[in-house]
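Novice: Sharing start15.cif (mmCIF, C-alpha atoms) below.
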data_start
#
loop_
_atom_site.label_atom_id
_atom_site.label_comp_id
_atom_site.auth_asym_id
_atom_site.auth_seq_id
_atom_site.Cartn_x
_atom_site.Cartn_y
_atom_site.Cartn_z
CA MET A 9 -5.88 20.33 56.43
CA ILE A 10 -2.72 18.23 56.13
CA ARG A 11 -0.91 18.06 59.46
CA ILE A 12 2.56 16.60 59.95
CA THR A 13 3.99 16.31 63.46
CA GLY A 14 7.41 15.04 64.56
CA LEU A 15 7.95 13.18 61.29
CA SER A 16 11.17 11.24 60.97
CA HIS A 17 11.24 8.64 58.24
CA ARG A 18 14.21 7.57 56.10
CA ILE A 19 15.69 10.86 54.86
CA LEU A 20 12.68 12.92 56.01
CA ASP A 21 12.84 15.21 59.03
CA ILE A 22 9.79 17.45 59.35
CA PRO A 23 9.11 18.59 62.95
CA ASP A 24 5.85 20.42 62.33
CA LEU A 25 3.91 21.41 59.23
CA ALA A 26 0.27 22.38 58.73
CA LEU A 27 -1.06 22.84 55.19
CA ASP A 28 -4.43 24.45 54.54
CA ALA A 29 -4.07 25.18 50.85
CA ARG A 30 -5.81 23.03 48.26
CA HIS A 31 -3.20 22.84 45.50
CA ILE A 32 0.20 22.26 47.09
CA ALA A 33 3.27 21.91 44.85
CA VAL A 34 6.32 20.07 46.17
CA ILE A 35 9.61 21.02 44.49
CA GLY A 36 13.30 20.42 45.11
CA PRO A 37 16.33 18.52 43.79
CA ASN A 38 16.36 14.78 42.99
CA GLY A 39 16.84 12.81 46.19
CA SER A 40 15.53 15.57 48.50
CA GLY A 41 12.73 13.36 49.86
CA LYS A 42 9.79 14.54 47.76
CA THR A 43 8.57 11.08 46.78
CA THR A 44 9.09 9.80 50.34
CA LEU A 45 6.97 12.67 51.67
CA LEU A 46 4.22 11.89 49.16
CA SER A 47 4.37 8.16 50.07
CA VAL A 48 3.99 8.92 53.77
CA CYS A 49 1.18 11.41 53.11
CA SER A 50 -0.64 8.83 50.97
CA GLY A 51 -0.36 6.04 53.53
CA ILE A 52 1.80 3.96 51.15
CA GLU A 53 4.52 4.04 53.82
CA GLU A 54 4.06 4.19 57.59
CA PRO A 55 6.43 6.76 59.12
CA ASP A 56 9.14 5.45 61.47
CA GLU A 57 8.27 8.27 63.86
CA GLY A 58 5.68 11.01 64.00
CA THR A 59 2.21 11.34 62.56
CA VAL A 60 0.51 12.51 59.40
CA ARG A 61 -3.17 13.51 59.40
CA LEU A 62 -5.20 14.20 56.29
CA LEU A 63 -8.52 15.94 56.99
CA GLY A 64 -8.06 14.91 60.64
CA ARG A 65 -7.67 11.22 59.83
CA PRO A 66 -4.74 8.87 59.25
CA PRO A 67 -3.93 8.58 55.51
CA SER A 68 -5.13 4.95 55.40
CA ALA A 69 -8.65 6.14 56.33
CA VAL A 70 -8.76 8.70 53.49
CA LYS A 71 -9.46 8.05 49.79
CA VAL A 72 -6.17 8.91 48.10
CA GLY A 73 -5.63 8.91 44.33
CA TRP A 74 -1.99 8.41 43.33
CA VAL A 75 -0.35 9.13 39.98
CA GLY A 76 3.30 8.11 39.87
CA GLU A 77 5.97 9.18 37.45
CA PHE A 78 6.56 5.69 36.11
CA PRO A 79 3.06 4.40 35.36
CA ASP A 80 4.63 1.08 34.30
CA ARG A 81 5.33 0.40 37.95
CA THR A 82 1.78 0.96 39.16
CA LEU A 83 -0.39 -0.24 36.26
CA LEU A 84 -1.85 -3.62 37.29
CA PHE A 85 -4.12 -4.66 34.45
CA SER A 86 -3.42 -5.20 30.79
CA ARG A 87 -6.41 -3.31 29.34
CA ALA A 88 -6.72 0.43 30.01
CA TYR A 89 -10.43 0.00 30.85
CA ASP A 90 -9.66 -2.58 33.56
CA GLU A 91 -6.90 -0.45 35.02
CA ILE A 92 -9.23 2.53 35.39
CA ALA A 93 -12.02 0.26 36.72
CA SER A 94 -9.77 -1.29 39.38
CA THR A 95 -10.57 1.09 42.24
CA PRO A 96 -14.38 1.02 41.91
CA ARG A 97 -14.19 -2.78 41.49
CA PHE A 98 -11.99 -3.15 44.58
CA ARG A 99 -14.57 -1.02 46.40
CA HIS A 100 -17.35 -3.36 45.20
CA ARG A 101 -19.23 -0.66 43.30
CA PRO A 102 -22.05 -2.09 41.15
CA CYS A 103 -21.03 -2.97 37.57
CA ARG A 104 -23.17 -0.28 35.99
CA GLU A 105 -21.81 2.44 38.30
CA THR A 106 -18.24 1.22 37.69
CA ASP A 107 -18.78 1.42 33.95
CA GLU A 108 -20.24 4.93 34.21
CA ARG A 109 -17.36 6.08 36.39
CA VAL A 110 -14.72 4.61 34.04
CA ARG A 111 -16.26 6.28 30.99
CA ALA A 112 -16.69 9.61 32.79
CA ALA A 113 -13.07 9.56 34.02
CA ALA A 114 -11.80 8.65 30.54
CA GLU A 115 -13.86 11.50 29.11
CA ARG A 116 -12.47 14.01 31.64
CA VAL A 117 -8.90 12.96 30.92
CA GLY A 118 -9.53 12.86 27.17
CA ILE A 119 -8.75 9.18 26.55
CA PRO A 120 -12.06 7.46 25.62
CA HIS A 121 -10.28 6.16 22.50
CA LEU A 122 -7.71 4.34 24.64
CA LEU A 123 -10.13 2.34 26.84
CA GLU A 124 -9.94 -0.90 24.86
CA ARG A 125 -6.20 -0.62 24.24
CA THR A 126 -3.55 -2.79 25.87
CA VAL A 127 -1.64 -0.69 28.36
CA THR A 128 1.79 -1.97 27.30
CA ALA A 129 1.15 -0.73 23.73
CA LEU A 130 0.54 2.85 24.89
CA SER A 131 3.14 5.61 24.79
CA GLY A 132 4.72 6.82 28.04
CA GLY A 133 2.50 9.90 28.14
CA GLU A 134 -0.66 7.92 27.36
CA LYS A 135 0.16 5.59 30.26
CA ALA A 136 0.39 8.64 32.53
CA LEU A 137 -3.10 9.70 31.38
CA VAL A 138 -4.49 6.20 32.09
CA ALA A 139 -2.92 6.39 35.57
CA LEU A 140 -4.53 9.83 36.06
CA ALA A 141 -7.97 8.52 35.06
CA ALA A 142 -7.49 5.54 37.41
CA ALA A 143 -6.56 7.89 40.26
CA CYS A 144 -9.57 10.17 39.69
CA VAL A 145 -12.22 7.55 38.92
CA ASP A 146 -13.53 7.17 42.49
CA ASP A 147 -13.43 10.85 43.54
CA PRO A 148 -10.44 10.80 45.91
CA ASP A 149 -10.35 13.14 48.94
CA VAL A 150 -6.68 13.76 48.30
CA LEU A 151 -5.00 13.55 44.90
CA VAL A 152 -1.24 12.93 44.84
CA LEU A 153 0.87 13.40 41.70
CA ASP A 154 4.50 12.38 41.79
CA GLU A 155 6.17 14.09 38.81
CA ALA A 156 3.30 12.84 36.69
CA ASP A 157 3.95 15.68 34.22
CA SER A 158 7.50 14.51 33.59
CA HIS A 159 6.63 12.66 30.38
CA LEU A 160 3.92 14.97 29.07
CA ASP A 161 3.97 17.53 26.27
CA ALA A 162 2.60 21.04 26.80
CA GLY A 163 -0.93 20.27 25.59
CA THR A 164 -1.24 17.08 27.65
CA ALA A 165 0.30 18.73 30.72
CA GLU A 166 -2.34 21.47 30.41
CA ARG A 167 -5.06 18.79 30.24
CA LEU A 168 -3.58 17.20 33.38
CA ARG A 169 -3.70 20.58 35.12
CA ALA A 170 -7.33 21.14 34.09
CA VAL A 171 -8.37 17.67 35.32
CA VAL A 172 -6.63 18.26 38.64
CA GLU A 173 -8.21 21.71 38.92
CA ALA A 174 -11.70 20.31 38.31
CA SER A 175 -11.32 17.34 40.68
CA THR A 176 -13.34 17.37 43.89
CA ALA A 177 -10.28 16.49 46.01
CA ALA A 178 -9.87 18.65 49.11
CA HIS A 179 -6.10 18.63 48.64
CA VAL A 180 -3.82 18.11 45.68
CA LEU A 181 -0.21 17.29 46.52
CA TRP A 182 1.75 17.76 43.32
CA CYS A 183 5.46 17.10 43.06
CA THR A 184 6.89 18.56 39.85
CA GLN A 185 10.18 19.51 38.23
CA SER A 186 8.43 22.21 36.20
CA MET A 187 8.75 25.50 38.07
CA ASP A 188 6.31 27.09 35.62
CA THR A 189 3.72 24.50 36.73
CA ALA A 190 4.59 24.98 40.41
CA ALA A 191 4.09 28.75 40.01
CA GLY A 192 0.37 28.05 39.48
CA ALA A 193 -0.07 26.29 42.85
CA ASP A 194 -1.69 27.87 45.94
CA TYR A 195 1.21 26.88 48.17
CA LEU A 196 4.76 25.64 47.66
CA LEU A 197 7.09 23.35 49.61
CA PHE A 198 10.75 23.47 48.62
CA MET A 199 12.54 20.38 49.93
CA GLU A 200 16.25 19.79 50.36
CA GLY A 201 18.03 16.97 52.20
CA GLY A 202 14.79 15.58 53.64
CA ALA A 203 13.70 18.90 55.17
CA VAL A 204 11.15 21.49 54.08
CA ARG A 205 13.63 24.30 53.45
CA HIS A 206 11.10 26.94 52.31
CA HIS A 207 7.31 27.01 52.30
CA GLY A 208 4.77 29.67 51.44
CA THR A 209 3.03 31.15 48.42
CA PRO A 210 4.83 30.78 45.07
CA GLU A 211 5.89 34.45 45.32
CA GLU A 212 7.40 33.92 48.78
CA VAL A 213 9.21 30.68 47.97
CA PHE A 214 10.53 31.64 44.53
CA ALA A 215 11.84 34.92 45.99
CA ARG A 216 14.21 32.73 48.05
CA LEU A 217 15.22 30.69 44.98
CA GLU A 218 15.84 33.47 42.48
CA GLU A 219 19.57 32.75 42.29
CA THR A 220 18.96 29.05 41.47
CA CYS A 221 17.50 27.20 38.49
CA PHE A 222 14.45 26.42 40.66
CA TYR A 223 12.69 29.50 39.32
CA PRO A 224 9.89 29.78 36.74
CA THR A 225 11.26 30.47 33.26
CA LEU A 226 8.32 32.76 32.49
CA TRP A 227 9.06 34.91 35.52
CA ARG A 228 12.64 35.14 34.29
CA VAL A 229 11.74 36.51 30.83
CA ARG A 230 9.02 38.81 32.18
CA GLN A 231 11.45 40.63 34.46
CA MET B 11 28.07 11.77 8.35
CA ARG B 12 24.27 11.77 8.04
CA VAL B 13 21.05 9.81 8.38
CA GLU B 14 18.57 10.15 5.56
CA VAL B 15 14.91 9.38 6.04
CA GLU B 16 13.12 8.89 2.74
CA ASP B 17 9.34 8.47 2.48
CA LEU B 18 9.33 6.58 5.75
CA ARG B 19 6.18 4.64 6.54
CA PHE B 20 5.59 2.58 9.64
CA SER B 21 2.22 1.33 10.84
CA ARG B 22 1.10 -0.31 14.05
CA GLY B 23 -2.63 -0.80 14.48
CA PRO B 24 -4.42 2.42 13.56
CA PHE B 25 -1.23 4.48 13.94
CA THR B 26 1.00 5.39 10.99
CA LEU B 27 4.27 7.29 11.15
CA ARG B 28 5.53 8.96 7.98
CA GLY B 29 8.09 11.55 6.99
CA SER B 30 11.25 12.53 5.13
CA GLY B 31 14.33 14.52 6.04
CA THR B 32 18.07 14.45 6.66
CA PHE B 33 19.81 14.41 10.03
CA ASN B 34 23.26 15.93 9.46
CA ALA B 35 26.05 16.17 12.04
CA GLY B 36 24.95 18.40 14.91
CA VAL B 37 22.20 18.53 17.50
CA HIS B 38 18.60 17.96 16.44
CA LEU B 39 15.55 18.43 18.66
CA VAL B 40 12.40 16.50 17.75
CA SER B 41 9.31 17.62 19.63
CA GLY B 42 5.68 16.58 19.49
CA PRO B 43 2.72 15.65 21.68
CA VAL B 44 2.32 12.46 23.67
CA GLY B 45 1.66 9.48 21.39
CA SER B 46 2.69 11.38 18.24
CA GLY B 47 5.37 8.84 17.34
CA LYS B 48 8.59 10.26 18.88
CA SER B 49 9.67 7.03 20.56
CA THR B 50 8.64 4.99 17.50
CA LEU B 51 10.81 7.19 15.28
CA ALA B 52 13.69 6.77 17.74
CA LEU B 53 13.34 2.96 17.54
CA LEU B 54 13.22 3.13 13.72
CA LEU B 55 16.31 5.36 13.50
CA ALA B 56 18.09 3.01 15.90
CA GLY B 57 17.26 0.06 13.65
CA LEU B 58 15.22 -1.63 16.38
CA LEU B 59 12.07 -1.43 14.23
CA ARG B 60 11.92 -2.03 10.49
CA PRO B 61 10.10 0.52 8.32
CA GLY B 62 7.04 -0.77 6.46
CA GLY B 63 7.89 1.48 3.52
CA GLY B 64 10.56 3.94 2.42
CA ALA B 65 14.10 3.86 3.75
CA ILE B 66 16.41 5.03 6.51
CA ARG B 67 19.96 5.35 5.17
CA ARG B 68 23.04 5.89 7.29
CA ASP B 69 26.05 7.47 5.67
CA GLY B 70 29.40 7.40 7.50
CA VAL B 71 27.79 6.30 10.78
CA SER B 72 29.87 3.55 12.37
CA SER B 73 28.15 3.39 15.76
CA ALA B 74 24.71 4.22 17.07
CA LEU B 75 23.11 4.25 20.49
CA LEU B 76 19.58 4.92 21.75
CA LEU B 77 18.95 6.06 25.31
CA LEU B 78 15.48 4.83 26.21
CA GLN B 79 12.89 7.09 27.85
CA PHE B 80 12.56 4.90 30.94
CA PRO B 81 16.05 4.23 32.35
CA GLU B 82 14.96 0.99 34.06
CA HIS B 83 14.50 -0.57 30.62
CA HIS B 84 18.29 -0.49 30.23
CA VAL B 85 19.03 -2.39 33.44
CA THR B 86 20.44 -5.90 32.94
CA SER B 87 22.76 -6.41 35.93
CA PRO B 88 22.31 -6.89 39.68
CA THR B 89 24.74 -4.14 40.77
CA VAL B 90 25.42 -0.61 39.60
CA ALA B 91 29.09 -1.41 38.82
CA GLU B 92 28.17 -4.49 36.76
CA GLU B 93 25.54 -2.47 34.97
CA VAL B 94 28.28 -0.06 33.84
CA ARG B 95 30.47 -3.01 32.74
CA SER B 96 27.54 -4.31 30.67
CA TRP B 97 27.91 -1.13 28.57
CA GLY B 98 31.57 -2.12 27.98
CA LEU B 99 32.78 0.69 30.25
CA ALA B 100 34.99 0.95 33.35
CA PRO B 101 32.79 1.58 36.42
CA ASP B 102 35.18 4.03 38.16
CA ASP B 103 35.08 6.69 35.41
CA VAL B 104 31.37 6.44 34.77
CA LEU B 105 30.32 6.41 38.42
CA ALA B 106 32.51 9.42 39.17
CA ARG B 107 30.91 11.23 36.25
CA ALA B 108 27.39 10.27 37.36
CA ASN B 109 28.24 11.21 40.96
CA LEU B 110 27.34 7.67 42.05
CA SER B 111 30.71 6.30 43.22
CA ALA B 112 29.29 5.38 46.63
CA ARG B 113 26.54 3.25 45.04
CA ALA B 114 28.75 0.84 43.02
CA ASN B 115 27.57 -2.28 44.87
CA ASP B 116 23.90 -1.35 45.12
CA ASP B 117 21.07 -2.83 43.11
CA PRO B 118 20.36 -0.44 40.20
CA PHE B 119 16.67 -0.59 41.13
CA HIS B 120 17.51 0.84 44.56
CA LEU B 121 18.69 4.07 42.91
CA SER B 122 16.20 6.91 42.77
CA ARG B 123 14.74 7.60 39.35
CA GLY B 124 16.99 10.65 38.92
CA GLU B 125 20.07 8.65 39.91
CA LEU B 126 19.25 5.84 37.48
CA LYS B 127 18.73 8.37 34.70
CA ARG B 128 22.12 9.95 35.54
CA LEU B 129 23.73 6.50 35.37
CA THR B 130 22.33 5.62 31.93
CA LEU B 131 23.11 9.11 30.61
CA ALA B 132 26.73 8.87 31.80
CA CYS B 133 27.10 5.43 30.16
CA THR B 134 25.60 6.71 26.92
CA PHE B 135 27.85 9.76 26.66
CA MET B 136 30.97 7.78 27.62
CA ARG B 137 30.29 5.42 24.70
CA ASN B 138 30.25 8.50 22.46
CA PRO B 139 28.59 6.93 19.39
CA ASP B 140 28.48 8.63 15.97
CA LEU B 141 24.70 8.60 16.10
CA LEU B 142 23.27 9.33 19.54
CA MET B 143 19.53 9.26 20.07
CA LEU B 144 18.15 10.49 23.40
CA ASP B 145 14.51 9.71 24.12
CA GLU B 146 13.31 12.17 26.79
CA PRO B 147 16.76 12.61 28.38
CA PHE B 148 15.48 15.35 30.72
CA SER B 149 12.51 13.60 32.29
CA SER B 150 12.97 12.65 35.96
CA LEU B 151 15.84 15.10 36.40
CA ASP B 152 15.91 18.27 38.48
CA CYS B 153 16.99 21.50 36.81
CA THR B 154 20.61 21.19 38.00
CA ALA B 155 20.93 17.72 36.45
CA LYS B 156 19.14 18.88 33.29
CA ARG B 157 21.73 21.62 32.89
CA LYS B 158 24.49 19.01 33.15
CA VAL B 159 22.85 16.95 30.40
CA CYS B 160 22.66 20.08 28.24
CA ARG B 161 26.40 20.59 28.78
CA MET B 162 27.14 16.97 27.83
CA ILE B 163 25.09 17.40 24.64
CA GLU B 164 26.76 20.72 23.77
CA GLU B 165 30.25 19.33 24.47
CA ARG B 166 29.84 16.48 21.99
CA ASP B 167 32.00 17.94 19.25
CA ALA B 168 31.24 15.41 16.53
CA GLY B 169 28.49 13.11 15.40
CA ILE B 170 24.73 13.34 15.13
CA THR B 171 22.72 13.90 18.29
CA ILE B 172 18.95 13.56 18.09
CA ILE B 173 16.92 14.57 21.14
CA PHE B 174 13.27 13.49 21.41
CA SER B 175 11.75 15.66 24.09
CA HIS B 176 9.03 18.00 25.19
CA GLU B 177 11.17 19.62 27.87
CA ARG B 178 9.99 23.21 28.32
CA ALA B 179 12.47 24.85 30.68
CA VAL B 180 16.05 23.59 30.35
CA LEU B 181 17.17 23.01 26.76
CA PRO B 182 20.59 22.80 25.10
CA ARG B 183 21.89 24.80 22.17
CA VAL B 184 20.65 22.98 19.07
CA ASP B 185 21.32 23.14 15.32
CA ALA B 186 17.99 22.01 13.87
CA LEU B 187 14.35 21.62 14.89
CA TRP B 188 11.85 18.93 13.91
CA GLU B 189 8.22 18.33 14.81
CA ILE B 190 6.07 15.23 14.89
CA GLU B 191 2.34 15.58 15.03
CA ALA B 192 -0.16 12.74 14.57
CA GLY B 193 2.52 10.53 13.06
CA THR B 194 3.92 13.05 10.56
CA LEU B 195 7.56 14.06 10.88
CA THR B 196 8.32 17.56 9.60
CA PRO B 197 11.80 19.13 9.42
CA LEU B 198 11.56 22.78 10.45
CA GLY B 199 15.12 23.55 9.39
CA HIS B 200 18.10 25.19 11.00
CA VAL B 201 18.20 27.40 14.07
CA PRO B 202 17.64 30.38 14.33
CA ASP B 203 15.47 30.57 11.17
CA ALA B 204 13.33 27.63 12.27
CA ILE B 205 12.51 29.05 15.71
CA PRO B 206 9.53 31.24 14.73
CA ARG B 207 8.00 28.21 12.92
CA TRP B 208 8.33 25.99 16.01
CA ARG B 209 4.81 25.38 17.28
CA HIS B 210 6.05 23.45 20.33
CA ALA B 211 8.32 26.28 21.48
CA PRO B 212 8.53 26.44 25.30
CA PRO B 213 6.58 29.24 27.03
CA TYR B 214 9.60 31.50 27.61
CA LEU B 215 10.57 31.32 23.94
CA ARG B 216 6.96 31.89 22.81
CA TYR B 217 6.85 34.92 25.13
CA ALA B 218 9.99 36.37 23.52
CA LEU B 219 8.77 35.64 19.97
CA ASP B 220 5.39 37.24 20.69
CA ARG B 221 7.23 40.42 21.66
CA GLY B 222 9.10 40.57 18.38
CA ALA B 223 12.37 39.20 19.77
CA ARG B 224 14.45 36.95 17.52
CA PRO B 225 16.41 34.54 19.75
CA GLU B 226 19.66 33.13 18.32
CA ASN B 227 18.90 29.71 19.83
CA ILE B 228 16.28 28.04 21.99
CA ARG B 229 17.71 28.34 25.52
CA LEU B 230 16.29 30.56 28.26
CA THR B 231 19.42 32.72 28.04
CA ASP B 232 18.86 33.14 24.28
CA ALA B 233 15.30 34.32 24.91
CA ARG B 234 16.45 36.76 27.59
CA GLU B 235 19.25 38.17 25.45
CA ALA B 236 16.90 38.61 22.50
CA LEU B 237 14.38 40.40 24.73
CA CYS B 238 17.13 42.69 26.04
CA ARG B 239 18.01 43.62 22.45
CA THR B 240 14.41 44.47 21.55
CA ARG B 241 13.88 46.38 24.81
CA GLY B 242 17.10 48.26 24.13
#
For this file, produce the structure as structure tokens.

Specialist:
Amino acid sequence: MIRITGLSHRILDIPDLALDARHIAVIGPNGSGKTTLLSVCSGIEEPDEGTVRLLGRPPSAVKVGWVGEFPDRTLLFSRAYDEIASTPRFRHRPCRETDERVRAAAERVGIPHLLERTVTALSGGEKALVALAAACVDDPDVLVLDEADSHLDAGTAERLRAVVEASTAAHVLWCTQSMDTAAGADYLLFMEGGAVRHHGTPEEVFARLEETCFYPTLWRVRQ
Amino acid sequence: MRVEVEDLRFSRGPFTLRGSGTFNAGVHLVSGPVGSGKSTLALLLAGLLRPGGGAIRRDGVSSALLLLQFPEHHVTSPTVAEEVRSWGLAPDDVLARANLSARANDDPFHLSRGELKRLTLACTFMRNPDLLMLDEPFSSLDCTAKRKVCRMIEERDAGITIIFSHERAVLPRVDALWEIEAGTLTPLGHVPDAIPRWRHAPPYLRYALDRGARPENIRLTDAREALCRTRG
């Protein structure tokens, strides 16, 4: 359960929201507060007012895996292996376990061939996959993806979806500009001007957005 | 006006990019998976990388501009207005066009990613070069902003526009399709004939093609119109 109460932070104004679903997609225009909401839910930012509880605990007490849109801004180490190993190392996992986790995560994400590569020499999409492996390596309770699919082709985006689907995280908070991707979520939040304007199943939310471009293209052609 | 790519070869580590083809005036869409060489080809066409073999020849192209995938890589100035001036443009026009007039004195890095992308896109289109290369111009943008970019691309009435993208929902009207896979650039030819050959077609277009529809172009509206014609 993700529980937000009396939240007021920068542009955000969310009086009360309880989310039970596992895969939650967050959609809405640029500047509507999606990234801010994800930051507050991940414990990256403390809200000015109000509280956020993940699984009954404050976000800082929960293992959160974060994949941002611009991996350049979050990648800390020069070698892909070291970037993926950073979380288990920071958590003082034994070397052997760290190595096993890094190789397993790279395998899941489909990038074993990139482990020894220098991160700066990777393509934008490859960097996103390294960031995904780094976020998943230590089995997070909550996985947060901030438009991580923005630089991915269809095949890689599908791999991202499969990795997210198979993760053991209790919740996946996924902000995306692809309405076709959002249509596959269990629950949808449509944000506008810092508020959650619509929330519900994809069918319920997209029914309210049919007149806008925030509507799955596949639903459009199937009509 | 055209750009000819002849037996291009470029290697970096284990990766090699190769291909041939001609980019004539009009809008070209180059699609391909992550790491297939799209951005490398963009840098080569822009003259920022030198080919290891073969040649890239420009004919009648007097100006060229590459919009980088990550808009922050363009930033060189401490304020939004100065950033626009660094492109040799007047801030008022550009900021009005990018809907950022109120942010003129802000640090470009304080803009949201979508806002920064809008800023660099507006600067690029205002410069209106003969050869315009757009590396992932739609990433970071919401569907409303993507539609605006499509309009800007479609309204360019001259020159060569090359879009490197794997956008799958909001696309402009294009003249020719190209694919890159594992470092090999392949021209698919002109639209609409090239559309059925396009392996990276977005899901809505694939859906229409699978039902025997023959879209005139690659936009969602083209797919819907083609489906209407087949459904009668």

Novice: As a PyMOL selection string, please: the residues near region 136-138 of chain A (cut-off 8 Å, all atoms listed in the file, same-chain neighbours under 2 positions excluded).

Specialist: chain A and resi 75-79+88+91-92+114+117+119+132-134+140-142+156+159+168

Novice: So how far away is CA of Asp145 (chain B) from CA of Asp80 (chain A), in Å?

Specialist: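 Between CA of Asp80 (chain A) and CA of Asp145 (chain B) the gap works out to 16.6 Å.
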
Novice: Residues near region 31-37 of chain B, anyone? I mean within 9 Å using all atoms listed in the file, not counting same-chain ones fewer than 6 positions away, as a PyMOL selection string.

Specialist: chain B and resi 11-17+140-141+163-164+166-173+182-187+195-197

Novice: Per residue of chain A within 7 Å of chain B, what are the shortest atom pair and its distance in Å to one decimal, counting only C-alpha atoms, with rows by chain and residue number, as CSV?

Specialist:
residue,atom,partner,partner_atom,distance
A:Pro37,CA,B:Asp152,CA,5.3
A:Asn38,CA,B:Asp152,CA,5.7
A:Gly39,CA,B:Ser122,CA,6.8
A:Ser131,CA,B:Gly45,CA,5.4
A:Gly133,CA,B:Val44,CA,5.2
A:Glu134,CA,B:Val44,CA,6.6
A:Ser158,CA,B:Ser149,CA,5.3
A:His159,CA,B:Ser149,CA,6.3
A:Leu160,CA,B:Val44,CA,6.2
A:Asp161,CA,B:Pro43,CA,5.1
A:Gln185,CA,B:Asp152,CA,5.9
A:Cys221,CA,B:Cys153,CA,6.0
A:Phe222,CA,B:Cys153,CA,6.7
A:Thr225,CA,B:Tyr214,CA,6.0
A:Leu226,CA,B:Tyr214,CA,5.2
A:Val229,CA,B:Arg234,CA,5.7

Novice: Could you check how far CA of Arg11 (chain A) sits from CA of Thr209 (chain A), in Å to one decimal?

Specialist: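 Interatomic distance, CA of Arg11 (chain A) to CA of Thr209 (chain A): 17.6 Å.
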
Novice: Missing atoms in region 90-101 of chain B: fill them in up to N, CA, C and O atoms and send the result as a PDB file, keeping the file's coordinate frame.

Specialist:
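Resulting contents of out.pdb:
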ATOM      1  N   VAL B  90      25.170  -1.815  40.389  1.00  0.00           N
ATOM      2  CA  VAL B  90      25.420  -0.610  39.600  1.00  0.00           C
ATOM      3  C   VAL B  90      26.732  -0.745  38.821  1.00  0.00           C
ATOM      4  O   VAL B  90      26.803  -0.435  37.628  1.00  0.00           O
ATOM      5  N   ALA B  91      27.790  -1.269  39.494  1.00  0.00           N
ATOM      6  CA  ALA B  91      29.090  -1.410  38.820  1.00  0.00           C
ATOM      7  C   ALA B  91      29.001  -2.382  37.647  1.00  0.00           C
ATOM      8  O   ALA B  91      29.534  -2.118  36.567  1.00  0.00           O
ATOM      9  N   GLU B  92      28.306  -3.516  37.856  1.00  0.00           N
ATOM     10  CA  GLU B  92      28.170  -4.490  36.760  1.00  0.00           C
ATOM     11  C   GLU B  92      27.336  -3.925  35.627  1.00  0.00           C
ATOM     12  O   GLU B  92      27.569  -4.241  34.454  1.00  0.00           O
ATOM     13  N   GLU B  93      26.367  -3.115  35.987  1.00  0.00           N
ATOM     14  CA  GLU B  93      25.540  -2.470  34.970  1.00  0.00           C
ATOM     15  C   GLU B  93      26.426  -1.624  34.044  1.00  0.00           C
ATOM     16  O   GLU B  93      26.291  -1.660  32.824  1.00  0.00           O
ATOM     17  N   VAL B  94      27.373  -0.886  34.643  1.00  0.00           N
ATOM     18  CA  VAL B  94      28.280  -0.060  33.840  1.00  0.00           C
ATOM     19  C   VAL B  94      29.153  -0.957  32.957  1.00  0.00           C
ATOM     20  O   VAL B  94      29.351  -0.682  31.777  1.00  0.00           O
ATOM     21  N   ARG B  95      29.641  -2.082  33.537  1.00  0.00           N
ATOM     22  CA  ARG B  95      30.470  -3.010  32.740  1.00  0.00           C
ATOM     23  C   ARG B  95      29.680  -3.567  31.566  1.00  0.00           C
ATOM     24  O   ARG B  95      30.231  -3.834  30.504  1.00  0.00           O
ATOM     25  N   SER B  96      28.359  -3.752  31.756  1.00  0.00           N
ATOM     26  CA  SER B  96      27.540  -4.310  30.670  1.00  0.00           C
ATOM     27  C   SER B  96      27.480  -3.364  29.473  1.00  0.00           C
ATOM     28  O   SER B  96      27.118  -3.770  28.379  1.00  0.00           O
ATOM     29  N   TRP B  97      27.820  -2.094  29.680  1.00  0.00           N
ATOM     30  CA  TRP B  97      27.910  -1.130  28.570  1.00  0.00           C
ATOM     31  C   TRP B  97      29.302  -1.168  27.946  1.00  0.00           C
ATOM     32  O   TRP B  97      29.589  -0.379  27.042  1.00  0.00           O
ATOM     33  N   GLY B  98      30.201  -2.059  28.486  1.00  0.00           N
ATOM     34  CA  GLY B  98      31.570  -2.120  27.980  1.00  0.00           C
ATOM     35  C   GLY B  98      32.422  -0.976  28.508  1.00  0.00           C
ATOM     36  O   GLY B  98      33.370  -0.543  27.845  1.00  0.00           O
ATOM     37  N   LEU B  99      32.081  -0.472  29.699  1.00  0.00           N
ATOM     38  CA  LEU B  99      32.780   0.690  30.250  1.00  0.00           C
ATOM     39  C   LEU B  99      33.362   0.351  31.626  1.00  0.00           C
ATOM     40  O   LEU B  99      32.908  -0.582  32.289  1.00  0.00           O
ATOM     41  N   ALA B 100      34.376   1.126  32.035  1.00  0.00           N
ATOM     42  CA  ALA B 100      34.990   0.950  33.350  1.00  0.00           C
ATOM     43  C   ALA B 100      34.152   1.685  34.402  1.00  0.00           C
ATOM     44  O   ALA B 100      33.910   2.882  34.260  1.00  0.00           O
ATOM     45  N   PRO B 101      33.700   0.975  35.444  1.00  0.00           N
ATOM     46  CA  PRO B 101      32.790   1.580  36.420  1.00  0.00           C
ATOM     47  C   PRO B 101      33.350   2.857  37.071  1.00  0.00           C
ATOM     48  O   PRO B 101      32.593   3.820  37.261  1.00  0.00           O
TER      49      PRO B 101
END
